[in-house]
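The file target.txt comes next; it holds compact mmCIF, C-alpha atoms.
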```txt
# COMPACT_ATOMS: atom_id res chain seq x y z
CA MET M 1 125.71 47.50 110.17
CA SER M 2 124.83 46.41 106.64
CA LEU M 3 121.18 47.33 106.82
CA GLU M 4 122.16 50.56 108.43
CA LEU M 5 124.31 51.63 105.48
CA LEU M 6 121.51 51.09 102.99
CA ASP M 7 119.11 52.93 105.26
CA ILE M 8 121.43 55.90 105.50
CA LEU M 9 121.66 55.99 101.72
CA ALA M 10 117.89 55.64 101.33
CA ALA M 11 117.30 58.52 103.73
CA GLU M 12 119.73 60.71 101.80
CA LEU M 13 118.64 59.91 98.26
CA GLY M 14 114.93 59.37 98.77
CA PRO M 15 113.20 58.26 95.54
CA ALA M 16 116.50 58.38 93.63
CA LEU M 17 117.34 55.06 95.28
CA ILE M 18 115.50 52.68 92.99
CA GLU M 19 116.29 49.35 94.61
CA LYS M 20 118.19 48.02 97.55
CA SER M 21 118.98 44.50 98.55
CA SER M 22 121.27 42.71 100.94
CA ASP M 23 121.55 39.16 99.62
CA HIS M 24 124.02 37.05 101.58
CA GLY M 25 125.28 40.17 103.26
CA ASP M 26 126.19 41.91 99.99
CA ASP M 27 124.72 45.36 100.15
CA THR M 28 123.50 46.50 96.78
CA ALA M 29 121.92 49.81 95.94
CA VAL M 30 120.56 50.77 92.53
CA VAL M 31 120.36 54.50 92.07
CA ASP M 32 118.97 56.79 89.44
CA PRO M 33 121.68 57.78 86.90
CA ALA M 34 121.01 61.45 87.61
CA SER M 35 122.00 60.90 91.24
CA TRP M 36 125.08 58.80 90.50
CA LEU M 37 127.63 61.47 91.32
CA ARG M 38 125.64 62.76 94.29
CA ALA M 39 125.42 59.27 95.77
CA ALA M 40 129.14 58.74 95.25
CA ARG M 41 130.07 62.00 96.89
CA PHE M 42 127.74 61.38 99.80
CA LEU M 43 129.09 57.87 100.36
CA ARG M 44 132.63 59.17 100.50
CA ASP M 45 132.03 62.28 102.58
CA ASP M 46 129.40 61.21 105.10
CA SER M 47 131.09 60.15 108.33
CA ARG M 48 128.71 57.22 108.83
CA CYS M 49 129.51 55.81 105.35
CA ASP M 50 133.14 56.88 104.96
CA MET M 51 133.83 54.96 101.74
CA GLN M 52 137.37 56.03 100.97
CA MET M 53 138.08 53.28 98.50
CA MET M 54 136.65 52.68 95.05
CA VAL M 55 137.46 49.03 94.45
CA ASP M 56 136.07 48.46 90.99
CA LEU M 57 133.96 50.04 88.30
CA CYS M 58 132.60 48.14 85.35
CA ALA M 59 129.47 47.64 83.27
CA VAL M 60 127.17 44.78 82.35
CA ASP M 61 125.28 44.53 79.07
CA PHE M 62 121.66 43.35 78.99
CA PRO M 63 120.84 43.69 75.28
CA GLN M 64 117.13 42.93 75.68
CA ARG M 65 116.54 45.41 78.46
CA GLU M 66 115.69 49.10 78.64
CA PRO M 67 117.86 50.73 79.99
CA ARG M 68 120.45 48.45 78.52
CA PHE M 69 123.57 48.75 80.70
CA ASP M 70 124.24 48.29 84.36
CA VAL M 71 127.18 50.34 85.58
CA VAL M 72 128.48 48.70 88.72
CA MET M 73 130.79 50.25 91.27
CA HIS M 74 132.20 48.48 94.32
CA LEU M 75 133.02 50.60 97.33
CA HIS M 76 134.84 49.81 100.51
CA SER M 77 135.30 51.70 103.74
CA LEU M 78 138.74 51.19 105.21
CA SER M 79 137.78 52.71 108.55
CA LYS M 80 134.38 51.08 109.00
CA GLY M 81 135.12 47.87 107.14
CA HIS M 82 131.87 47.77 105.21
CA ARG M 83 131.32 47.37 101.51
CA LEU M 84 128.67 48.50 99.07
CA ARG M 85 127.82 47.66 95.50
CA LEU M 86 126.40 50.70 93.82
CA LYS M 87 124.61 50.25 90.51
CA THR M 88 122.85 52.38 88.00
CA ARG M 89 121.17 51.74 84.66
CA VAL M 90 121.80 53.69 81.48
CA GLY M 91 121.44 53.46 77.71
CA LYS M 92 118.83 52.73 75.09
CA PRO M 93 118.59 49.21 73.62
CA SER M 94 120.40 50.49 70.52
CA GLY M 95 123.36 51.34 72.72
CA ASP M 96 122.99 55.09 72.29
CA GLY M 97 122.64 57.52 75.14
CA ALA M 98 124.79 55.53 77.53
CA GLU M 99 126.06 58.52 79.45
CA LEU M 100 126.88 58.95 83.06
CA GLU M 101 128.49 61.46 85.36
CA SER M 102 132.14 60.70 86.01
CA VAL M 103 133.22 59.98 89.58
CA VAL M 104 136.88 60.86 88.98
CA SER M 105 136.32 64.02 91.01
CA VAL M 106 135.36 61.82 93.97
CA TRP M 107 137.87 58.99 93.62
CA ALA M 108 140.82 59.76 91.37
CA GLY M 109 141.38 56.03 91.00
CA ALA M 110 138.21 55.76 88.94
CA ASN M 111 140.00 57.36 86.00
CA TRP M 112 141.28 54.25 84.27
CA PHE M 113 138.27 52.16 85.28
CA GLU M 114 136.02 54.60 83.49
CA ARG M 115 138.30 54.61 80.49
CA GLU M 116 138.14 50.82 80.39
CA THR M 117 134.38 50.84 80.72
CA PHE M 118 134.21 53.38 77.90
CA ASP M 119 136.53 51.32 75.73
CA MET M 120 134.89 47.96 76.28
CA MET M 121 131.23 48.95 76.68
CA GLY M 122 130.94 52.37 75.10
CA ILE M 123 129.63 54.20 78.12
CA SER M 124 130.75 57.82 78.09
CA PHE M 125 131.44 59.53 81.36
CA ARG M 126 130.67 63.24 81.46
CA GLY M 127 133.37 65.29 83.10
CA HIS M 128 136.07 62.67 82.75
CA PRO M 129 139.45 64.43 82.32
CA ASP M 130 140.77 62.14 79.59
CA LEU M 131 138.22 59.76 78.13
CA ARG M 132 140.27 57.82 75.58
CA ARG M 133 140.46 54.14 74.78
CA ILE M 134 142.78 52.40 77.18
CA LEU M 135 143.04 48.74 76.11
CA THR M 136 142.36 48.89 72.38
CA TYR M 137 143.77 51.47 69.97
CA PRO M 138 142.29 54.71 68.66
CA GLU M 139 141.43 53.24 65.24
CA PHE M 140 139.31 50.51 66.83
CA VAL M 141 135.67 50.70 65.76
CA GLY M 142 132.98 49.65 68.20
CA HIS M 143 133.09 48.38 71.73
CA PRO M 144 134.15 44.74 71.95
CA LEU M 145 132.47 43.63 75.17
CA ARG M 146 128.99 44.63 74.05
CA LYS M 147 126.88 41.59 73.41
CA ASP M 148 126.10 42.73 69.86
CA TYR M 149 129.77 43.01 68.90
CA PRO M 150 130.44 40.06 66.55
CA ALA M 151 132.69 37.56 68.29
CA ASN M 152 134.71 36.85 65.14
CA ARG M 153 135.16 40.39 63.86
CA ILE M 154 138.81 41.15 63.14
CA GLN M 155 139.63 44.82 62.81
CA PRO M 156 142.14 45.97 60.20
CA LEU M 157 145.72 46.21 61.35
CA VAL M 158 147.05 49.67 62.08
CA GLN M 159 150.33 51.28 61.12
CA PHE M 160 153.21 51.70 63.49
CA ARG M 161 152.64 54.82 65.54
CA GLN M 162 155.34 57.42 65.06
CA GLY M 163 155.72 59.56 68.14
CA TYR M 164 153.08 59.89 70.76
CA GLU M 165 150.71 62.60 71.77
CA LYS M 166 150.78 64.09 75.21
CA VAL M 167 147.49 64.38 76.96
CA PRO M 168 146.36 66.79 79.63
CA PRO M 169 146.44 64.80 82.87
CA PHE M 170 150.07 63.76 82.50
CA ASP M 171 153.03 66.03 82.94
CA GLU M 172 156.40 65.90 81.26
CA PHE M 173 157.66 63.26 83.70
CA GLU M 174 155.06 60.67 82.74
CA GLY M 175 156.39 57.23 81.86
CA MET M 176 159.96 56.99 80.65
CA SER M 177 160.21 60.50 79.39
CA PHE M 178 163.98 60.58 79.73
CA GLY M 179 164.43 57.77 77.20
CA ARG M 180 161.89 59.14 74.78
CA LYS M 181 163.24 62.63 74.90
CA THR M 182 166.89 61.83 74.48
CA PHE M 183 166.71 59.84 71.27
CA GLY M 184 165.65 61.04 67.85
CA ASN M 185 164.15 64.53 68.26
CA GLY M 186 161.68 63.60 70.92
CA ARG M 187 160.00 60.73 69.16
CA ALA M 188 159.32 57.28 70.51
CA GLY M 189 160.80 54.30 68.69
CA MET H 1 187.02 26.76 49.19
CA GLY H 2 190.11 26.71 51.27
CA GLU H 3 193.43 25.18 51.98
CA VAL H 4 193.61 22.73 54.87
CA THR H 5 196.14 20.48 56.40
CA ASP H 6 195.27 16.82 56.11
CA LEU H 7 195.03 14.63 59.14
CA SER H 8 198.34 12.95 58.71
CA GLY H 9 200.01 16.33 58.63
CA ALA H 10 201.95 15.33 55.52
CA GLY H 11 200.94 18.32 53.44
CA PRO H 12 198.25 20.73 52.39
CA GLY H 13 195.00 19.53 50.82
CA PHE H 14 191.83 21.13 49.52
CA VAL H 15 188.12 21.09 50.26
CA THR H 16 185.74 22.40 47.63
CA THR H 17 182.30 23.85 48.24
CA ARG H 18 179.86 26.40 46.89
CA LEU H 19 179.88 29.81 48.49
CA SER H 20 176.18 29.58 49.35
CA ALA H 21 176.68 26.24 51.04
CA ALA H 22 179.62 27.54 53.03
CA LEU H 23 177.62 30.58 54.11
CA GLY H 24 174.66 28.41 55.02
CA TRP H 25 176.90 26.18 57.09
CA ALA H 26 178.33 29.19 58.88
CA ARG H 27 174.98 30.86 59.44
CA LYS H 28 173.16 27.89 60.81
CA TYR H 29 175.52 27.59 63.76
CA SER H 30 175.72 31.27 64.58
CA PHE H 31 172.23 32.56 65.18
CA PHE H 32 171.99 35.90 66.89
CA SER H 33 168.60 35.61 68.53
CA TYR H 34 166.14 38.34 69.30
CA PRO H 35 163.54 36.95 71.71
CA PHE H 36 160.26 38.85 71.35
CA SER H 37 158.65 37.33 74.43
CA THR H 38 155.15 38.46 75.21
CA ALA H 39 153.38 35.70 77.10
CA CYS H 40 153.61 32.44 79.03
CA CYS H 41 155.61 30.71 76.28
CA ALA H 42 158.53 32.81 77.47
CA MET H 43 158.85 30.41 80.41
CA GLU H 44 159.61 27.61 77.98
CA PHE H 45 162.01 29.90 76.19
CA PHE H 46 163.87 30.33 79.47
CA ALA H 47 163.95 26.56 79.82
CA VAL H 48 165.36 26.19 76.32
CA ALA H 49 168.01 28.76 77.04
CA SER H 50 168.97 27.38 80.43
CA PRO H 51 171.54 24.59 81.01
CA ARG H 52 169.18 21.61 81.11
CA PHE H 53 168.22 21.95 77.45
CA ASP H 54 171.04 24.29 76.56
CA VAL H 55 170.35 25.96 73.27
CA ALA H 56 174.06 26.87 73.23
CA ARG H 57 174.73 23.41 71.85
CA PHE H 58 173.16 24.58 68.61
CA GLY H 59 174.93 27.89 68.40
CA ALA H 60 171.89 30.03 69.20
CA GLU H 61 172.60 30.95 72.77
CA PHE H 62 173.44 34.57 72.29
CA PRO H 63 170.42 36.88 72.62
CA ARG H 64 170.85 40.35 71.22
CA PHE H 65 168.72 43.02 72.74
CA SER H 66 168.60 45.08 69.61
CA PRO H 67 166.93 43.72 66.48
CA ARG H 68 169.57 45.47 64.41
CA GLN H 69 172.15 42.99 65.66
CA ALA H 70 169.98 39.89 65.35
CA ASP H 71 169.14 37.50 62.55
CA LEU H 72 166.72 35.10 64.25
CA LEU H 73 163.48 36.51 65.61
CA TRP H 74 161.77 34.33 68.20
CA VAL H 75 158.15 35.39 68.49
CA VAL H 76 157.33 33.86 71.85
CA GLY H 77 153.70 34.25 72.84
CA THR H 78 150.46 35.93 71.91
CA ILE H 79 150.62 38.96 69.64
CA SER H 80 147.74 41.36 69.99
CA GLN H 81 146.34 43.50 67.21
CA ARG H 82 147.67 46.53 68.97
CA GLN H 83 151.17 45.07 69.16
CA ALA H 84 151.29 43.82 65.58
CA PRO H 85 152.75 47.03 64.10
CA VAL H 86 155.49 46.95 66.72
CA LEU H 87 156.44 43.39 65.80
CA ARG H 88 156.43 44.32 62.12
CA ARG H 89 158.71 47.25 62.88
CA ILE H 90 161.11 45.03 64.80
CA TYR H 91 161.23 42.59 61.91
CA GLU H 92 161.98 45.39 59.48
CA GLN H 93 164.82 46.61 61.68
CA MET H 94 166.62 43.27 61.57
CA THR H 95 169.49 42.79 59.18
CA GLU H 96 169.40 40.39 56.25
CA PRO H 97 169.50 37.45 56.15
CA LYS H 98 166.86 36.94 58.83
CA TRP H 99 164.66 34.15 60.00
CA VAL H 100 161.54 34.04 62.13
CA MET H 101 160.39 31.32 64.45
CA ALA H 102 156.77 31.25 65.65
CA PHE H 103 157.11 29.81 69.12
CA GLY H 104 153.89 28.21 70.33
CA THR H 105 150.36 28.03 69.07
CA CYS H 106 149.45 31.66 69.68
CA ALA H 107 152.29 33.01 67.57
CA SER H 108 151.60 30.40 64.89
CA CYS H 109 147.86 30.86 64.45
CA GLY H 110 146.38 32.78 67.37
CA GLY H 111 145.62 29.64 69.35
CA PHE H 112 142.35 29.68 71.19
CA TYR H 113 142.24 33.47 71.18
CA ASP H 114 139.67 33.87 68.43
CA ASN H 115 138.64 37.37 69.38
CA TYR H 116 138.87 41.08 68.70
CA ALA H 117 142.21 41.57 70.44
CA THR H 118 144.49 38.88 69.10
CA LEU H 119 146.40 38.58 65.86
CA ALA H 120 145.62 35.20 64.29
CA GLY H 121 149.22 34.19 63.66
CA ILE H 122 152.29 36.31 63.00
CA ASP H 123 152.35 35.25 59.35
CA LYS H 124 149.61 37.82 58.83
CA ILE H 125 152.27 40.52 59.14
CA ILE H 126 155.74 39.00 58.68
CA PRO H 127 157.06 35.94 56.83
CA CYS H 128 157.60 33.01 59.13
CA ASP H 129 160.12 30.21 58.66
CA ILE H 130 159.36 27.76 61.43
CA TYR H 131 156.19 27.02 63.33
CA VAL H 132 156.53 25.26 66.67
CA PRO H 133 153.10 24.11 67.84
CA GLY H 134 152.31 23.52 71.49
CA CYS H 135 150.69 25.46 74.28
CA PRO H 136 153.41 25.98 75.31
CA PRO H 137 155.74 23.74 73.29
CA ARG H 138 158.10 21.56 75.22
CA PRO H 139 161.76 22.55 74.96
CA GLU H 140 162.42 19.43 72.91
CA ALA H 141 159.93 20.66 70.33
CA VAL H 142 161.67 24.02 70.22
CA LEU H 143 165.01 22.32 69.68
CA ASP H 144 163.40 20.25 66.94
CA GLY H 145 162.30 23.52 65.38
CA LEU H 146 165.77 24.96 65.66
CA LEU H 147 167.28 21.89 64.01
CA LEU H 148 164.68 22.07 61.28
CA LEU H 149 165.55 25.69 60.70
CA GLN H 150 169.25 24.86 60.56
CA ASP H 151 168.51 22.17 58.03
CA LYS H 152 166.51 24.60 55.93
CA ILE H 153 169.28 27.17 56.04
CA LYS H 154 171.81 24.56 54.98
CA ARG H 155 169.66 23.63 52.02
CA GLY H 156 168.81 27.25 51.19
CA ASP H 157 165.13 26.49 51.63
CA ARG H 158 162.81 29.36 52.61
CA THR H 159 159.51 27.49 52.65
CA PRO H 160 157.80 27.39 56.05
CA GLY H 161 158.41 24.34 58.19
CA ILE H 162 156.27 22.90 60.93
CA VAL H 163 157.59 20.85 63.81
CA LYS H 164 155.91 17.48 63.91
CA PRO H 165 154.65 16.14 67.22
CA ARG H 166 156.96 13.73 68.94
CA ARG H 167 156.02 11.05 71.43
CA ASP H 168 157.34 11.43 74.89
CA PRO H 169 159.08 8.14 75.81
CA ALA H 170 157.67 8.43 79.32
CA ASP H 171 154.14 8.32 77.91
CA GLN H 172 154.46 4.84 76.43
CA PRO H 173 151.73 2.52 77.71
CA ARG H 174 153.16 0.09 80.23
CA ALA H 175 153.68 -3.40 78.90
CA ARG H 176 151.12 -5.79 80.33
CA GLY H 177 152.05 -8.90 82.25
CA VAL H 178 155.54 -7.77 83.09
CA ALA H 179 156.87 -7.63 86.63
CA ARG H 180 153.53 -8.51 88.14
```
Using structure tokens, write down the structure that the file contains.
Amino acid sequence: MSLELLDILAAELGPALIEKSSDHGDDTAVVDPASWLRAARFLRDDSRCDMQMMVDLCAVDFPQREPRFDVVMHLHSLSKGHRLRLKTRVGKPSGDGAELESVVSVWAGANWFERETFDMMGISFRGHPDLRRILTYPEFVGHPLRKDYPANRIQPLVQFRQGYEKVPPFDEFEGMSFGRKTFGNGRAG
Amino acid sequence: MGEVTDLSGAGPGFVTTRLSAALGWARKYSFFSYPFSTACCAMEFFAVASPRFDVARFGAEFPRFSPRQADLLWVVGTISQRQAPVLRRIYEQMTEPKWVMAFGTCASCGGFYDNYATLAGIDKIIPCDIYVPGCPPRPEAVLDGLLLLQDKIKRGDRTPGIVKPRRDPADQPRARGVAR
């Protein structure tokens, strides 16, 4: 089964599949960044792959390497029971140009994972509906999990945030809207 | 100053005091706590508040869930950079006179979180009266801190105090050659 999945992917992507391995039964495929979204859509839609579940999405920093970042996505098929680790490589050694197609259109659950990867590693996902920082705050400068981020850098403290801004993907019922709306002319706090 | 009845009941007597001392005496036994619990230290806060250690013995058992009604802020746990303005806001909302206890190492100095996300001690943003070290501190240490704070309030002292480590009697090395 495991070899079969990688073979199916290799037949579909052709030269866009850069590497494949199956160490200890862990299927790993490295694809070209241009084919990232195509590979994701194929893996979800093809009946032989049937990967309904995006388990995790993150990035790894290799500061000495070109391209610098690995973006890693773990996929799981609930019906077939197989798993796949899908990787791609982006970014110049300076950290610029780390861009990738967003897979939110394929798995909606990738939304916050991509926001986290953007926040921590500075990889921007094209086509993401709401690419904001998710763990740190908007005034934060830099991306803390990059290897060249100084470990002891303390960012200046920010002011208390009056109110909050609504963002496109959420409707008026997001969070505890009843509490925020009732008190003090629609402001939080 | 007030009129009291003496113990024999024979007639009225007097006690004299300064107003500040009387207020200090009253305040130190009537803390209205606001627990700002953010991390694992909160478990020890529960232990302090629960019957075994029973913070009610010291008059601080009554948590208020609005800072506007509280005068003792317990900062229990790690404060992140992102949360710091919220904590500052809560402190500003409290009524005077107010005291702050840094509960545990993270609140006191950031602890082992020397990184981009964590505030290195709440005294970077608000004045702090008592530091209770420990990761987390034992309830006895917290009660030591509370007694220290009460003592400071009685004396009108606003300088920061730090709870000293105390030996656990159970940790004493066993005497040799006994009950062989």
Could you pull the residues within 6 Å of stretch 95-104 of chain M, counting only C-alpha atoms, minus those fewer than 6 positions along the same chain, as a ChimeraX atom specification? /M:110-111,123-128
So that I can check the surroundings of stretch 71-77 of chain M, please list as a PyMOL selection string every protein, DNA and RNA residue that reaches within 8 Å of it, counting only C-alpha atoms and ignoring chain neighbours fewer than 5 positions away. chain M and resi 49-60+82-90
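Within 6 Å of the point (159.0, 35.2, 58.9), and counting all atoms listed in the file, the protein, DNA and RNA residues are Trp99, Val100, Ile126, Pro127, Cys128 and Asp129 of chain H.
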Of the candidates H:Leu23, H:Ser33, H:Phe58, H:Phe46, which shows the shortest atom-to-atom distance to H:Leu143, using all atoms listed in the file?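 Using all atoms listed in the file, the shortest distance to H:Leu143 belongs to H:Phe58.
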Would you mind listing, for every residue of chain H within 7 Å of chain M, the two atoms forming the shortest contact and the distance between them in Å to one decimal, using only C-alpha atoms, sorted by chain and ascending residue number, as JSON lines?
```
{"residue": "H:Gln81", "atom": "CA", "partner": "M:Leu157", "partner_atom": "CA", "distance": 6.5}
{"residue": "H:Arg82", "atom": "CA", "partner": "M:Tyr137", "partner_atom": "CA", "distance": 6.4}
{"residue": "H:Pro85", "atom": "CA", "partner": "M:Phe160", "partner_atom": "CA", "distance": 4.7}
{"residue": "H:Val86", "atom": "CA", "partner": "M:Phe160", "partner_atom": "CA", "distance": 6.2}
{"residue": "H:Asp114", "atom": "CA", "partner": "M:Asn152", "partner_atom": "CA", "distance": 6.7}
{"residue": "H:Asn115", "atom": "CA", "partner": "M:Asn152", "partner_atom": "CA", "distance": 5.8}
{"residue": "H:Tyr116", "atom": "CA", "partner": "M:Ile154", "partner_atom": "CA", "distance": 5.6}
```
What separation in Å, quoted to one decimal, exists between atom CA of H:Pro35 and atom CA of H:Leu73?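 Atom CA of H:Pro35 sits 6.1 Å away from atom CA of H:Leu73.
Residues in contact with H:Ser20 at 9 Å, where all atoms listed in the file are counted and same-chain residues fewer than 4 positions away are skipped, are listed as Gly24, Trp25, Lys154 and Gly156 of chain H.
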Could you please determine the separation between atom CA of M:Glu19 and atom CA of M:Ala34 in Å, to one decimal place?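 Result for atom CA of M:Glu19 versus atom CA of M:Ala34: 14.8 Å, one decimal.
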What is the atom CA of H:Gly104-atom CA of H:Val55 distance in Å, reported with one decimal?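 Atom CA of H:Val55 lies at a distance of 16.9 Å from atom CA of H:Gly104.
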So, counting only C-alpha atoms, which residue among H:Ala56, H:Ala70, H:Ile153, H:Met94 is closest to H:Ala21?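 Looking only at the distances to H:Ala21, the closest residue turns out to be H:Ile153.
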Expected answer as a VMD selection string: all residues with atoms within 7 Å of (171.1, 31.5, 67.9), all atoms listed in the file: chain H and resid 30 to 33 59 to 62 72
Once you have the residues from the selection above, write them out as a compact mmCIF listing (two decimals), in the coordinates of the input, restricted to C-alpha atoms.
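New file out.txt:
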```
# COMPACT_ATOMS: atom_id res chain seq x y z
CA SER H 30 175.72 31.27 64.58
CA PHE H 31 172.23 32.56 65.18
CA PHE H 32 171.99 35.90 66.89
CA SER H 33 168.60 35.61 68.53
CA GLY H 59 174.93 27.89 68.40
CA ALA H 60 171.89 30.03 69.20
CA GLU H 61 172.60 30.95 72.77
CA PHE H 62 173.44 34.57 72.29
CA LEU H 72 166.72 35.10 64.25
```
Best match for closeness to H:Tyr29 among H:Val163, H:Asp71, H:Asp123, H:Thr105, counting all atoms listed in the file: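 Looking only at the distances to H:Tyr29, the closest residue turns out to be H:Asp71.
Excluding M:Asp32 itself and same-chain residues fewer than 2 positions from it, the residues having an atom within 7 Å of it are Ala16, Leu17, Ile18, Val30, Ala34, Ser35, Trp36 and Thr88 of chain M, counting all atoms listed in the file.
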Using all atoms listed in the file, which of the listed residues (H:Arg167, H:Pro139, H:Thr118, H:Leu148) sits closest to H:Phe53?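 The closest residue to H:Phe53 is H:Pro139.
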With N, CA and C atoms as the target, complete stretch 83-96 of chain H and hand it back as a JSON list (two decimals), in the frame of the given file.
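Saved the output as result_6.json:
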```
[["chain", "number", "residue", "atom", "x", "y", "z"],
["H", 83, "GLN", "N", 149.72, 45.25, 69.15],
["H", 83, "GLN", "CA", 151.17, 45.07, 69.16],
["H", 83, "GLN", "C", 151.71, 44.72, 67.79],
["H", 84, "ALA", "N", 150.84, 44.30, 66.89],
["H", 84, "ALA", "CA", 151.29, 43.82, 65.58],
["H", 84, "ALA", "C", 152.19, 44.81, 64.85],
["H", 85, "PRO", "N", 151.84, 46.10, 64.78],
["H", 85, "PRO", "CA", 152.75, 47.03, 64.10],
["H", 85, "PRO", "C", 154.12, 47.13, 64.74],
["H", 86, "VAL", "N", 154.20, 46.91, 66.04],
["H", 86, "VAL", "CA", 155.49, 46.95, 66.72],
["H", 86, "VAL", "C", 156.34, 45.76, 66.28],
["H", 87, "LEU", "N", 155.71, 44.59, 66.23],
["H", 87, "LEU", "CA", 156.44, 43.39, 65.80],
["H", 87, "LEU", "C", 156.91, 43.54, 64.37],
["H", 88, "ARG", "N", 156.06, 44.10, 63.53],
["H", 88, "ARG", "CA", 156.43, 44.32, 62.12],
["H", 88, "ARG", "C", 157.64, 45.27, 62.04],
["H", 89, "ARG", "N", 157.62, 46.28, 62.85],
["H", 89, "ARG", "CA", 158.71, 47.25, 62.88],
["H", 89, "ARG", "C", 160.02, 46.59, 63.31],
["H", 90, "ILE", "N", 159.92, 45.73, 64.32],
["H", 90, "ILE", "CA", 161.11, 45.03, 64.80],
["H", 90, "ILE", "C", 161.68, 44.14, 63.71],
["H", 91, "TYR", "N", 160.77, 43.45, 63.00],
["H", 91, "TYR", "CA", 161.23, 42.59, 61.91],
["H", 91, "TYR", "C", 161.94, 43.40, 60.84],
["H", 92, "GLU", "N", 161.36, 44.57, 60.52],
["H", 92, "GLU", "CA", 161.98, 45.39, 59.48],
["H", 92, "GLU", "C", 163.33, 45.93, 59.92],
["H", 93, "GLN", "N", 163.55, 46.08, 61.21],
["H", 93, "GLN", "CA", 164.82, 46.61, 61.68],
["H", 93, "GLN", "C", 165.94, 45.58, 61.65],
["H", 94, "MET", "N", 165.58, 44.30, 61.54],
["H", 94, "MET", "CA", 166.62, 43.27, 61.57],
["H", 94, "MET", "C", 167.40, 43.27, 60.26],
["H", 95, "THR", "N", 168.64, 42.80, 60.37],
["H", 95, "THR", "CA", 169.49, 42.79, 59.18],
["H", 95, "THR", "C", 169.28, 41.50, 58.40],
["H", 96, "GLU", "N", 169.47, 41.57, 57.10],
["H", 96, "GLU", "CA", 169.40, 40.39, 56.25],
["H", 96, "GLU", "C", 170.69, 39.59, 56.40]]
```
